[in-house]
file start_22.txt (compact mmCIF, C-alpha atoms)
# COMPACT_ATOMS: atom_id res chain seq x y z
CA MET A 1 136.97 158.68 142.16
CA ASP A 2 133.49 159.44 140.83
CA PHE A 3 133.39 160.43 137.14
CA PRO A 4 130.00 161.94 136.14
CA ILE A 5 130.98 161.49 132.49
CA LEU A 6 130.56 157.70 132.99
CA ASN A 7 126.79 158.01 133.45
CA PRO A 8 125.46 155.25 131.10
CA LYS A 9 123.13 157.66 129.29
CA VAL A 10 125.97 160.14 128.80
CA GLN A 11 128.17 157.37 127.40
CA VAL A 12 125.46 156.38 124.93
CA PHE A 13 125.18 160.02 123.86
CA ILE A 14 128.96 160.28 123.40
CA ASN A 15 129.16 157.10 121.32
CA THR A 16 126.16 158.12 119.20
CA ASN A 17 127.81 161.43 118.31
CA ILE A 18 131.27 160.19 117.32
CA GLY A 19 132.27 162.14 114.22
CA THR A 20 129.63 164.84 114.73
CA ASN A 21 130.71 168.43 114.10
CA ILE A 22 131.53 169.79 117.56
CA ALA A 23 130.81 173.43 116.65
CA THR A 24 127.28 172.47 115.59
CA LEU A 25 126.77 170.23 118.61
CA ALA A 26 127.93 172.99 120.97
CA LEU A 27 124.95 175.14 119.94
CA GLN A 28 122.52 172.54 121.27
CA LYS A 29 121.12 172.53 124.78
CA ASN A 30 122.90 170.21 127.20
CA PRO A 31 120.61 167.16 127.60
CA PHE A 32 122.44 166.30 130.87
CA PRO A 33 122.29 169.33 133.21
CA ASP A 34 124.17 167.46 135.95
CA VAL A 35 127.19 166.84 133.70
CA ASP A 36 129.40 169.63 132.34
CA TRP A 37 128.53 170.20 128.66
CA ILE A 38 132.11 171.16 127.72
CA SER A 39 133.36 167.90 129.22
CA ILE A 40 130.87 165.90 127.14
CA LEU A 41 131.88 167.73 123.96
CA ASN A 42 135.55 167.15 124.78
CA GLN A 43 134.93 163.41 125.18
CA ILE A 44 133.20 163.26 121.78
CA GLU A 45 135.99 165.17 120.05
CA ALA A 46 138.81 163.25 121.73
CA LYS A 47 137.22 159.84 121.18
CA THR A 48 136.66 160.68 117.52
CA LYS A 49 140.37 161.48 117.27
CA ALA A 50 141.24 158.18 118.99
CA LYS A 51 139.27 155.99 116.56
CA ASN A 52 142.19 155.33 114.21
CA LYS A 53 145.10 156.27 116.46
CA LEU A 54 144.04 154.27 119.54
CA PRO A 55 141.67 151.52 118.39
CA ILE A 56 141.95 149.48 121.61
CA TRP A 57 140.94 152.51 123.68
CA PHE A 58 138.18 153.39 121.21
CA MET A 59 136.67 149.90 121.31
CA SER A 60 136.82 149.61 125.12
CA GLN A 61 133.90 150.61 127.35
CA ASN A 62 133.95 153.56 129.79
CA ILE A 63 137.32 154.98 128.71
CA ILE A 64 137.78 158.59 129.78
CA TYR A 65 139.75 160.86 127.44
CA PRO A 66 141.82 163.97 128.15
CA SER A 67 141.71 166.91 125.74
CA LYS A 68 141.84 166.47 121.97
CA LEU A 69 145.30 168.09 122.04
CA SER A 70 146.52 165.43 124.49
CA ILE A 71 145.24 162.71 122.16
CA GLU A 72 147.07 164.34 119.26
CA GLN A 73 150.33 164.47 121.24
CA THR A 74 150.21 160.97 122.72
CA SER A 75 151.89 157.98 121.12
CA SER A 76 149.82 155.96 118.68
CA GLU A 77 149.31 152.28 119.39
CA LYS A 78 151.60 151.49 116.45
CA THR A 79 154.55 153.48 117.81
CA ALA A 80 153.88 152.32 121.38
CA SER A 81 154.02 148.70 120.22
CA TYR A 82 157.38 149.37 118.58
CA LYS A 83 158.75 150.95 121.76
CA ALA A 84 157.71 147.86 123.72
CA SER A 85 159.85 145.73 121.39
CA ILE A 86 162.95 147.60 122.61
CA VAL A 87 162.61 146.97 126.36
CA SER A 88 162.85 143.83 128.47
CA GLY A 89 163.14 142.79 132.11
CA ASP A 90 160.93 142.92 135.19
CA ARG A 91 160.56 146.60 136.13
CA LEU A 92 160.07 149.82 134.16
CA ILE A 93 159.16 153.29 135.37
CA ASP A 94 157.69 155.95 133.07
CA LEU A 95 158.61 159.37 134.47
CA THR A 96 156.22 161.29 132.18
CA GLY A 97 153.21 158.99 131.94
CA GLY A 98 150.66 161.21 130.19
CA PHE A 99 147.71 159.26 128.77
CA GLY A 100 149.54 155.98 129.34
CA VAL A 101 149.51 154.47 125.86
CA ASP A 102 153.21 153.54 125.96
CA ASP A 103 152.83 152.02 129.42
CA PHE A 104 149.96 149.80 128.31
CA TYR A 105 152.27 148.26 125.72
CA PHE A 106 155.30 148.19 128.03
CA ALA A 107 153.16 146.19 130.47
CA GLN A 108 152.80 143.44 127.88
CA LYS A 109 156.59 142.95 127.99
CA ILE A 110 157.49 144.01 131.54
CA LYS A 111 156.17 142.43 134.76
CA GLU A 112 155.87 145.70 136.73
CA VAL A 113 155.29 149.15 135.20
CA VAL A 114 154.97 152.41 137.15
CA HIS A 115 153.19 155.34 135.51
CA CYS A 116 154.23 158.72 136.97
CA GLU A 117 152.10 161.76 136.18
CA ILE A 118 152.39 165.12 137.89
CA ASN A 119 148.81 166.08 136.92
CA THR A 120 146.72 164.42 139.64
CA GLU A 121 143.46 164.48 137.67
CA LEU A 122 145.08 162.90 134.61
CA SER A 123 146.72 160.27 136.83
CA GLN A 124 143.31 159.30 138.23
CA ILE A 125 141.82 159.09 134.73
CA VAL A 126 144.66 156.89 133.50
CA LYS A 127 144.34 154.61 136.55
CA HIS A 128 140.64 154.19 135.77
CA ASN A 129 141.41 153.47 132.11
CA PHE A 130 144.01 150.83 132.96
CA GLU A 131 141.36 149.06 135.04
CA CYS A 132 139.00 149.14 132.04
CA LEU A 133 141.79 147.84 129.80
CA LYS A 134 142.60 145.05 132.28
CA ALA A 135 146.24 146.04 132.83
CA PRO A 136 146.74 145.08 136.50
CA ASN A 137 150.55 145.23 136.42
CA ILE A 138 150.62 149.03 135.99
CA THR A 139 150.78 151.21 139.12
CA CYS A 140 149.92 154.91 138.89
CA PHE A 141 151.92 157.43 140.93
CA ALA A 142 150.54 160.98 141.06
CA GLY A 143 153.32 163.49 141.67
CA ASP A 144 156.81 164.56 140.68
CA SER A 145 158.77 161.75 139.02
CA LEU A 146 162.01 162.61 140.85
CA GLU A 147 160.14 162.16 144.12
CA ALA A 148 158.80 158.84 142.84
CA LEU A 149 162.28 157.56 142.05
CA ALA A 150 163.57 158.63 145.47
CA HIS A 151 160.52 157.20 147.27
CA LEU A 152 160.36 153.82 145.52
CA LYS A 153 164.10 153.09 145.89
CA THR A 154 164.00 150.42 143.19
CA ASN A 155 166.62 149.26 140.70
CA TRP A 156 164.70 149.61 137.44
CA ASP A 157 165.47 147.62 134.31
CA TRP A 158 164.36 150.65 132.28
CA ILE A 159 163.48 154.27 132.84
CA TYR A 160 161.29 155.79 130.11
CA ILE A 161 161.02 159.56 129.59
CA ASP A 162 159.01 161.67 127.13
CA PRO A 163 160.11 165.24 127.97
CA SER A 164 157.59 168.00 127.40
CA ARG A 165 158.60 170.18 124.47
CA ARG A 166 157.12 173.35 125.97
CA ASN A 167 157.85 175.46 129.00
CA ASP A 168 156.56 178.68 130.49
CA THR A 169 159.25 181.00 129.15
CA LYS A 170 160.38 179.75 125.76
CA GLY A 171 157.27 178.25 124.18
CA LYS A 172 158.27 175.64 121.66
CA VAL A 173 161.79 174.42 122.38
CA PHE A 174 164.41 172.49 120.46
CA MET A 175 167.02 171.58 123.08
CA LEU A 176 166.57 168.79 125.61
CA LYS A 177 167.91 170.99 128.39
CA ASP A 178 164.93 173.33 127.85
CA CYS A 179 162.36 170.53 128.13
CA LEU A 180 160.55 169.25 131.20
CA PRO A 181 162.01 167.28 132.84
CA ASN A 182 165.53 168.48 132.09
CA VAL A 183 166.98 165.12 131.08
CA PRO A 184 170.65 166.17 130.62
CA GLU A 185 170.66 167.78 134.07
CA ASN A 186 169.10 164.73 135.76
CA LEU A 187 170.95 161.94 133.92
CA THR A 188 173.40 161.23 136.74
CA PHE A 189 170.52 160.74 139.18
CA TYR A 190 168.59 158.60 136.68
CA PHE A 191 171.57 156.28 136.20
CA LYS A 192 171.73 155.71 139.96
CA ASN A 193 168.37 153.98 139.56
CA THR A 194 168.86 152.08 136.28
CA ASN A 195 171.36 150.98 133.65
CA ALA A 196 169.05 151.62 130.69
CA ILE A 197 167.07 154.72 129.69
CA LEU A 198 164.72 155.18 126.74
CA ILE A 199 163.93 158.78 125.78
CA LYS A 200 161.25 159.80 123.29
CA THR A 201 161.66 163.12 121.48
CA ALA A 202 159.88 164.88 118.65
CA PRO A 203 161.34 164.33 115.16
CA ILE A 204 162.18 168.02 114.92
CA LEU A 205 165.11 167.49 117.31
CA ASP A 206 168.39 167.47 115.38
CA ILE A 207 170.25 164.18 115.86
CA THR A 208 173.66 165.85 116.16
CA ALA A 209 172.30 168.33 118.72
CA GLY A 210 170.75 165.50 120.72
CA LEU A 211 174.02 163.57 120.78
CA ALA A 212 175.81 166.69 122.02
CA GLU A 213 173.49 166.76 125.05
CA LEU A 214 173.20 163.03 125.77
CA PRO A 215 176.13 160.77 126.72
CA HIS A 216 175.99 156.95 126.60
CA VAL A 217 173.72 156.76 123.53
CA LYS A 218 173.87 153.26 122.08
CA GLN A 219 171.03 153.37 119.55
CA ILE A 220 168.70 155.93 118.04
CA HIS A 221 165.42 154.64 116.64
CA ILE A 222 163.71 156.80 114.01
CA VAL A 223 160.05 155.77 113.84
CA ALA A 224 157.80 156.74 110.94
CA VAL A 225 154.17 155.76 110.30
CA GLU A 226 152.95 155.82 106.70
CA ASN A 227 156.13 157.69 105.70
CA GLU A 228 155.74 160.44 108.31
CA VAL A 229 158.37 160.53 111.05
CA LYS A 230 156.57 160.51 114.39
CA GLU A 231 159.29 160.19 117.02
CA LEU A 232 162.95 159.66 117.82
CA LEU A 233 163.84 157.12 120.50
CA TRP A 234 167.18 157.50 122.25
CA GLU A 235 168.51 154.36 123.91
CA LEU A 236 171.06 155.12 126.64
CA HIS A 237 173.05 152.51 128.57
CA ALA A 238 175.22 153.24 131.61
CA ASP A 239 178.92 153.66 130.80
CA TYR A 240 178.38 152.94 127.08
CA ALA A 241 180.93 154.82 124.96
CA GLY A 242 180.92 152.95 121.64
CA PRO A 243 179.57 153.76 118.17
CA VAL A 244 175.94 154.83 117.76
CA ARG A 245 173.65 152.61 115.70
CA ILE A 246 170.80 154.28 113.82
CA LYS A 247 167.71 152.10 113.40
CA THR A 248 165.03 153.35 111.01
CA ILE A 249 161.55 151.91 110.69
CA ASN A 250 158.64 152.99 108.53
CA ILE A 251 155.43 151.32 109.75
CA ALA A 252 153.25 150.98 106.65
CA LYS A 253 149.88 149.33 106.09
CA ASP A 254 151.18 146.24 104.35
CA LYS A 255 154.74 145.95 105.70
CA ASN A 256 157.43 147.52 107.89
CA GLU A 257 160.49 148.99 106.14
CA THR A 258 163.67 148.84 108.22
CA PHE A 259 167.23 149.99 107.63
CA ASP A 260 170.07 150.15 110.19
CA PHE A 261 173.59 151.53 110.07
CA ILE A 262 176.44 152.67 112.30
CA MET A 263 176.94 156.44 112.41
CA ASN A 264 180.20 157.79 110.96
CA ASN A 265 181.34 154.32 109.92
CA ASP A 266 182.57 155.38 106.45
CA ASP A 267 181.43 152.01 105.16
CA GLY A 268 181.60 152.96 101.50
CA PHE A 269 180.00 155.53 99.22
CA PRO A 270 177.53 154.92 96.40
CA ASN A 271 178.60 155.56 92.82
CA LEU A 272 177.21 158.57 91.00
CA SER A 273 175.48 158.06 87.68
CA LEU A 274 172.99 159.59 85.30
CA PRO A 275 169.39 158.34 85.56
CA GLN A 276 168.92 154.70 84.57
CA THR A 277 165.69 152.68 84.36
CA TYR A 278 164.50 152.92 87.96
CA LEU A 279 164.41 155.73 90.52
CA TYR A 280 164.44 155.29 94.32
CA GLU A 281 163.42 157.80 97.00
CA PRO A 282 164.25 156.75 100.60
CA ASN A 283 161.42 156.81 103.12
CA SER A 284 161.15 159.68 105.60
CA ALA A 285 162.83 157.77 108.46
CA ILE A 286 165.97 157.26 106.35
CA MET A 287 165.85 160.88 105.19
CA LYS A 288 165.76 161.99 108.84
CA SER A 289 168.65 159.66 109.71
CA GLY A 290 171.06 161.28 107.26
CA GLY A 291 172.23 157.83 106.12
CA PHE A 292 172.25 158.79 102.45
CA ASP A 293 175.56 157.18 101.54
CA GLU A 294 174.88 154.15 103.74
CA VAL A 295 171.54 153.29 102.09
CA GLY A 296 173.01 153.70 98.61
CA SER A 297 176.00 151.48 99.40
CA PHE A 298 173.92 148.81 101.14
CA TYR A 299 171.40 148.44 98.32
CA LYS A 300 174.06 148.93 95.62
CA VAL A 301 172.17 151.69 93.83
CA ASN A 302 173.77 154.72 92.19
CA LYS A 303 173.21 158.24 93.42
CA LEU A 304 172.10 160.95 90.99
CA HIS A 305 174.17 163.61 92.77
CA LYS A 306 176.01 163.93 96.06
CA HIS A 307 173.28 166.20 97.47
CA SER A 308 170.18 164.96 95.65
CA HIS A 309 169.47 161.87 97.81
CA LEU A 310 167.78 160.12 94.90
CA TYR A 311 169.07 156.81 93.59
CA THR A 312 168.90 154.88 90.35
CA SER A 313 169.59 151.42 88.94
CA GLU A 314 169.24 149.50 85.70
CA HIS A 315 167.54 146.54 87.37
CA LEU A 316 164.66 146.70 89.84
CA ILE A 317 165.50 145.93 93.49
CA PRO A 318 163.52 145.97 96.78
CA PHE A 319 164.13 149.34 98.47
CA PRO A 320 162.88 151.03 101.69
CA GLY A 321 160.99 153.90 100.13
CA ARG A 322 159.17 154.88 96.98
CA VAL A 323 160.19 153.17 93.74
CA PHE A 324 159.52 154.50 90.23
CA GLU A 325 160.13 153.57 86.63
CA ILE A 326 161.61 156.48 84.71
CA GLN A 327 159.66 157.23 81.54
CA LYS A 328 161.48 160.35 80.37
CA THR A 329 164.51 162.44 81.39
CA PHE A 330 165.26 165.93 80.12
CA GLU A 331 167.24 169.01 81.09
CA TYR A 332 165.15 171.68 82.74
CA SER A 333 164.45 174.35 80.11
CA LYS A 334 161.57 176.47 78.87
CA THR A 335 161.27 174.48 75.64
CA ALA A 336 161.28 171.09 77.35
CA MET A 337 158.79 172.14 80.02
CA LYS A 338 156.39 173.52 77.42
CA THR A 339 156.68 170.26 75.48
CA PHE A 340 156.34 167.73 78.29
CA LEU A 341 154.76 169.21 81.45
CA GLU A 342 153.10 172.60 80.93
CA ASN A 343 149.32 172.50 81.50
CA THR A 344 149.40 168.86 82.60
CA LYS A 345 148.61 167.00 85.83
CA ALA A 346 151.44 165.48 87.85
CA ASN A 347 152.82 164.90 91.34
CA ILE A 348 155.93 167.03 91.88
CA THR A 349 158.96 166.41 94.12
CA THR A 350 162.07 168.60 94.31
CA ARG A 351 165.46 167.38 95.54
CA ASN A 352 168.55 169.60 95.31
CA PHE A 353 166.71 171.99 92.98
CA PRO A 354 166.51 175.81 93.25
CA ASP A 355 162.74 176.20 92.70
CA SER A 356 159.99 175.13 95.11
CA VAL A 357 157.12 172.81 94.23
CA GLU A 358 154.69 175.73 94.53
CA SER A 359 156.64 177.97 92.15
CA ILE A 360 157.01 175.16 89.59
CA ARG A 361 153.27 174.49 89.67
CA LYS A 362 152.43 178.16 89.26
CA LYS A 363 154.98 178.86 86.54
CA TRP A 364 154.07 175.86 84.37
CA LYS A 365 150.38 175.54 85.30
CA ILE A 366 150.76 171.94 86.52
CA LYS A 367 147.81 170.53 88.48
CA ASP A 368 148.40 168.25 91.44
CA GLY A 369 147.65 164.51 91.36
CA GLY A 370 147.33 161.85 88.71
CA ASN A 371 149.54 158.87 87.90
CA LEU A 372 152.61 160.78 86.71
CA TYR A 373 155.40 161.66 89.15
CA SER A 374 157.89 164.36 88.20
CA PHE A 375 161.18 164.83 90.04
CA PHE A 376 163.05 168.11 89.66
CA THR A 377 166.66 167.58 90.72
CA THR A 378 170.36 167.90 89.81
CA ASP A 379 172.31 165.13 88.10
CA ALA A 380 175.91 163.94 88.44
CA ASN A 381 177.02 166.51 85.82
CA ASN A 382 175.44 169.35 87.86
CA HIS A 383 172.67 169.83 85.29
CA LYS A 384 169.15 170.71 86.40
CA ILE A 385 166.99 167.86 85.14
CA VAL A 386 163.41 166.60 85.26
CA LEU A 387 162.43 162.94 85.56
CA ILE A 388 158.94 161.87 84.56
CA CYS A 389 158.09 158.57 86.25
CA THR A 390 155.36 156.09 87.04
CA LYS A 391 155.14 154.61 90.52
CA ILE A 392 155.80 150.91 91.03
call {"tool": "encode", "arguments": {"input": "start_22.txt", "output": "structure tokens"}}
result
Amino acid sequence: MDFPILNPKVQVFINTNIGTNIATLALQKNPFPDVDWISILNQIEAKTKAKNKLPIWFMSQNIIYPSKLSIEQTSSEKTASYKASIVSGDRLIDLTGGFGVDDFYFAQKIKEVVHCEINTELSQIVKHNFECLKAPNITCFAGDSLEALAHLKTNWDWIYIDPSRRNDTKGKVFMLKDCLPNVPENLTFYFKNTNAILIKTAPILDITAGLAELPHVKQIHIVAVENEVKELLWELHADYAGPVRIKTINIAKDKNETFDFIMNNDDGFPNLSLPQTYLYEPNSAIMKSGGFDEVGSFYKVNKLHKHSHLYTSEHLIPFPGRVFEIQKTFEYSKTAMKTFLENTKANITTRNFPDSVESIRKKWKIKDGGNLYSFFTTDANNHKIVLICTKI
């Protein structure tokens, strides 16, 4: 397929204007009358967005990008690399291929990868990009993924699905049965073609609700990047009916934080105590997992309150999350706030506390930022307390 956007002069123009304000650029006259100006602007905006999220794509020549929104919704290279660590075998089919980032990484682990995409134009773009990225073991299929499964008649080692979280009638949806494709409805057919399915969902999906819709879940991976949960990965295996393992990972700049546990295992409960020398706040992947008792028991730290999800210890330990040294603890009161925090600068976090961060800032005139971290929470005696800390 001929792509006018690949004109060498157009490509130079796109690369020269990475980071340029699109609204300002749009007011200029199109220097390439034979190429659609909106398409050029879209390439600049989308490639700018890809610089940090998709560095391999950004650094490769003649890559064609979909809309900026598609770039925002696609997997990052970091999360795609993690997904590839889950799968193995010879053949994988992606039923909802999209921009193909996940498939590029799957293809580094799997001998044969099939990328299905119902949007014919996007499928052609992705095929072109895979050629630029030198990924010859990926085949692109343009059309309905159910037709692809029926047509190819292959026993796949893995089926991968990233259901669309929007549809024509309900807008943003929160149940898998309302997504496209309807995974719960099609599971029986999928399992006729594979014994292992990996499903990606948005972090907004409730884990309990997902388990109510999906049988045969063996593991759920909660993936965060820089302490922001990006996706949930549901690992289904045919006929599996055992306990569900939760695997959390926070992909940080300097290290990866991991913590795993078995759901509903009742493997012990952390002790409750008043604040000690150090304070621990689990990372966002653990917070999403609901494994509050499990993380406290495993790391042998005390919990401030059953519902606070903050932990403390006398001696410093490695912990998957933020770690602080407590400088001062006091009961929340007008006198104490006027003495220690009013008209100061501090980072504020609330856990199991009636007031919001915004209302606390406004009421006590506390500016955001600085080196002090204040936690407004409830202690083991059900007292509202404030912890002033420094980050370790």
call {"tool": "atom_distance", "arguments": {"input": "start_22.txt", "atom1": "CA of Ala224 (chain A)", "atom2": "CA of Ser76 (chain A)"}}
result
11.1 Å
call {"tool": "atom_distance", "arguments": {"input": "start_22.txt", "atom1": "CA of Phe32 (chain A)", "atom2": "CA of His128 (chain A)"}}
result
22.4 Å
call {"tool": "residues_around", "arguments": {"input": "start_22.txt", "residues": "Tyr105 (chain A)", "least_positions_apart": "3", "cutoff": "6 Å", "atoms": "only C-alpha atoms", "output": "list in words"}}
result
Ser81, Ala84, Asp102 and Gln108 of chain A
call {"tool": "write_last_selection", "arguments": {"input": "start_22.txt", "atoms": "C-alpha atoms", "output": "PDB file, in the coordinates of the input"}}
result
ATOM      1  CA  SER A  81     154.020 148.700 120.220  1.00  0.00           C
ATOM      2  CA  ALA A  84     157.710 147.860 123.720  1.00  0.00           C
ATOM      3  CA  ASP A 102     153.210 153.540 125.960  1.00  0.00           C
ATOM      4  CA  GLN A 108     152.800 143.440 127.880  1.00  0.00           C
TER       5      GLN A 108
END
call {"tool": "residues_around", "arguments": {"input": "start_22.txt", "residues": "Tyr332 (chain A)", "least_positions_apart": "2", "cutoff": "8 Å", "atoms": "all atoms listed in the file", "output": "short mmCIF file (atom, residue, chain, number, x, y, z; two decimals) with C-alpha atoms, in the coordinates of the input"}}
result
data_model
loop_
_atom_site.label_atom_id
_atom_site.label_comp_id
_atom_site.auth_asym_id
_atom_site.auth_seq_id
_atom_site.Cartn_x
_atom_site.Cartn_y
_atom_site.Cartn_z
CA PHE A 330 165.26 165.93 80.12
CA LYS A 334 161.57 176.47 78.87
CA ALA A 336 161.28 171.09 77.35
CA MET A 337 158.79 172.14 80.02
CA LYS A 384 169.15 170.71 86.40
CA ILE A 385 166.99 167.86 85.14
CA VAL A 386 163.41 166.60 85.26
#
call {"tool": "residues_around", "arguments": {"input": "start_22.txt", "residues": "Asp267 (chain A)", "least_positions_apart": "4", "cutoff": "12 Å", "atoms": "all atoms listed in the file", "output": "ChimeraX atom specification"}}
result
/A:261-263,291-298
call {"tool": "residues_near_point", "arguments": {"input": "start_22.txt", "point": "(137.7, 165.4, 121.4)", "cutoff": "9 Å", "atoms": "all atoms listed in the file", "output": "compact mmCIF listing (two decimals) with C-alpha atoms, in the coordinates of the input"}}
result
# COMPACT_ATOMS: atom_id res chain seq x y z
CA ILE A 22 131.53 169.79 117.56
CA ILE A 40 130.87 165.90 127.14
CA LEU A 41 131.88 167.73 123.96
CA ASN A 42 135.55 167.15 124.78
CA GLN A 43 134.93 163.41 125.18
CA ILE A 44 133.20 163.26 121.78
CA GLU A 45 135.99 165.17 120.05
CA ALA A 46 138.81 163.25 121.73
CA LYS A 47 137.22 159.84 121.18
CA THR A 48 136.66 160.68 117.52
CA LYS A 49 140.37 161.48 117.27
CA ALA A 50 141.24 158.18 118.99
CA TYR A 65 139.75 160.86 127.44
CA PRO A 66 141.82 163.97 128.15
CA SER A 67 141.71 166.91 125.74
CA LYS A 68 141.84 166.47 121.97
CA LEU A 69 145.30 168.09 122.04
CA ILE A 71 145.24 162.71 122.16
call {"tool": "residues_around", "arguments": {"input": "start_22.txt", "residues": "His307 (chain A)", "least_positions_apart": "2", "cutoff": "10 Å", "atoms": "only C-alpha atoms", "output": "JSON, numbers by chain"}}
result
{"A": [292, 303, 304, 305, 309, 310, 351, 352, 353, 377, 378, 379, 380]}
call {"tool": "write_last_selection", "arguments": {"input": "start_22.txt", "atoms": "C-alpha atoms", "output": "CSV table (one decimal), keeping the file's coordinate frame"}}
result
chain,number,residue,atom,x,y,z
A,292,PHE,CA,172.2,158.8,102.4
A,303,LYS,CA,173.2,158.2,93.4
A,304,LEU,CA,172.1,161.0,91.0
A,305,HIS,CA,174.2,163.6,92.8
A,309,HIS,CA,169.5,161.9,97.8
A,310,LEU,CA,167.8,160.1,94.9
A,351,ARG,CA,165.5,167.4,95.5
A,352,ASN,CA,168.6,169.6,95.3
A,353,PHE,CA,166.7,172.0,93.0
A,377,THR,CA,166.7,167.6,90.7
A,378,THR,CA,170.4,167.9,89.8
A,379,ASP,CA,172.3,165.1,88.1
A,380,ALA,CA,175.9,163.9,88.4
call {"tool": "decode", "arguments": {"input": "start_22.txt", "residues": "region 7-23 of chain A", "atoms": "N, CA and C atoms", "output": "PDB file, in the first residue's frame"}}
result
ATOM      1  N   ASN A   7       6.664  10.165   2.215  1.00  0.00           N
ATOM      2  CA  ASN A   7       7.507  11.026   1.376  1.00  0.00           C
ATOM      3  C   ASN A   7       8.695  11.517   2.211  1.00  0.00           C
ATOM      4  N   PRO A   8       9.951  11.304   1.737  1.00  0.00           N
ATOM      5  CA  PRO A   8      11.133  11.659   2.546  1.00  0.00           C
ATOM      6  C   PRO A   8      11.119  13.094   3.068  1.00  0.00           C
ATOM      7  N   LYS A   9      10.653  14.044   2.255  1.00  0.00           N
ATOM      8  CA  LYS A   9      10.619  15.435   2.709  1.00  0.00           C
ATOM      9  C   LYS A   9       9.577  15.624   3.814  1.00  0.00           C
ATOM     10  N   VAL A  10       8.461  14.907   3.683  1.00  0.00           N
ATOM     11  CA  VAL A  10       7.425  14.969   4.726  1.00  0.00           C
ATOM     12  C   VAL A  10       7.969  14.388   6.031  1.00  0.00           C
ATOM     13  N   GLN A  11       8.691  13.272   5.935  1.00  0.00           N
ATOM     14  CA  GLN A  11       9.262  12.653   7.130  1.00  0.00           C
ATOM     15  C   GLN A  11      10.264  13.578   7.823  1.00  0.00           C
ATOM     16  N   VAL A  12      11.065  14.276   7.027  1.00  0.00           N
ATOM     17  CA  VAL A  12      12.005  15.240   7.617  1.00  0.00           C
ATOM     18  C   VAL A  12      11.235  16.344   8.340  1.00  0.00           C
ATOM     19  N   PHE A  13      10.154  16.813   7.732  1.00  0.00           N
ATOM     20  CA  PHE A  13       9.331  17.857   8.347  1.00  0.00           C
ATOM     21  C   PHE A  13       8.727  17.368   9.665  1.00  0.00           C
ATOM     22  N   ILE A  14       8.223  16.136   9.653  1.00  0.00           N
ATOM     23  CA  ILE A  14       7.633  15.565  10.875  1.00  0.00           C
ATOM     24  C   ILE A  14       8.678  15.493  11.986  1.00  0.00           C
ATOM     25  N   ASN A  15       9.844  14.948  11.674  1.00  0.00           N
ATOM     26  CA  ASN A  15      10.882  14.773  12.689  1.00  0.00           C
ATOM     27  C   ASN A  15      11.412  16.108  13.195  1.00  0.00           C
ATOM     28  N   THR A  16      11.440  17.106  12.331  1.00  0.00           N
ATOM     29  CA  THR A  16      11.923  18.438  12.728  1.00  0.00           C
ATOM     30  C   THR A  16      10.955  19.102  13.696  1.00  0.00           C
ATOM     31  N   ASN A  17       9.682  18.759  13.602  1.00  0.00           N
ATOM     32  CA  ASN A  17       8.655  19.441  14.405  1.00  0.00           C
ATOM     33  C   ASN A  17       8.166  18.629  15.600  1.00  0.00           C
ATOM     34  N   ILE A  18       8.896  17.582  15.978  1.00  0.00           N
ATOM     35  CA  ILE A  18       8.533  16.836  17.185  1.00  0.00           C
ATOM     36  C   ILE A  18       8.543  17.781  18.386  1.00  0.00           C
ATOM     37  N   GLY A  19       7.453  17.798  19.130  1.00  0.00           N
ATOM     38  CA  GLY A  19       7.359  18.661  20.305  1.00  0.00           C
ATOM     39  C   GLY A  19       6.787  20.036  20.015  1.00  0.00           C
ATOM     40  N   THR A  20       6.588  20.366  18.744  1.00  0.00           N
ATOM     41  CA  THR A  20       6.033  21.670  18.387  1.00  0.00           C
ATOM     42  C   THR A  20       4.555  21.740  18.759  1.00  0.00           C
ATOM     43  N   ASN A  21       4.100  22.898  19.189  1.00  0.00           N
ATOM     44  CA  ASN A  21       2.697  23.092  19.529  1.00  0.00           C
ATOM     45  C   ASN A  21       1.832  22.886  18.279  1.00  0.00           C
ATOM     46  N   ILE A  22       0.948  21.905  18.328  1.00  0.00           N
ATOM     47  CA  ILE A  22       0.150  21.542  17.150  1.00  0.00           C
ATOM     48  C   ILE A  22      -0.836  22.647  16.774  1.00  0.00           C
ATOM     49  N   ALA A  23      -1.409  23.308  17.771  1.00  0.00           N
ATOM     50  CA  ALA A  23      -2.375  24.385  17.488  1.00  0.00           C
ATOM     51  C   ALA A  23      -1.706  25.512  16.707  1.00  0.00           C
TER      52      ALA A  23
END
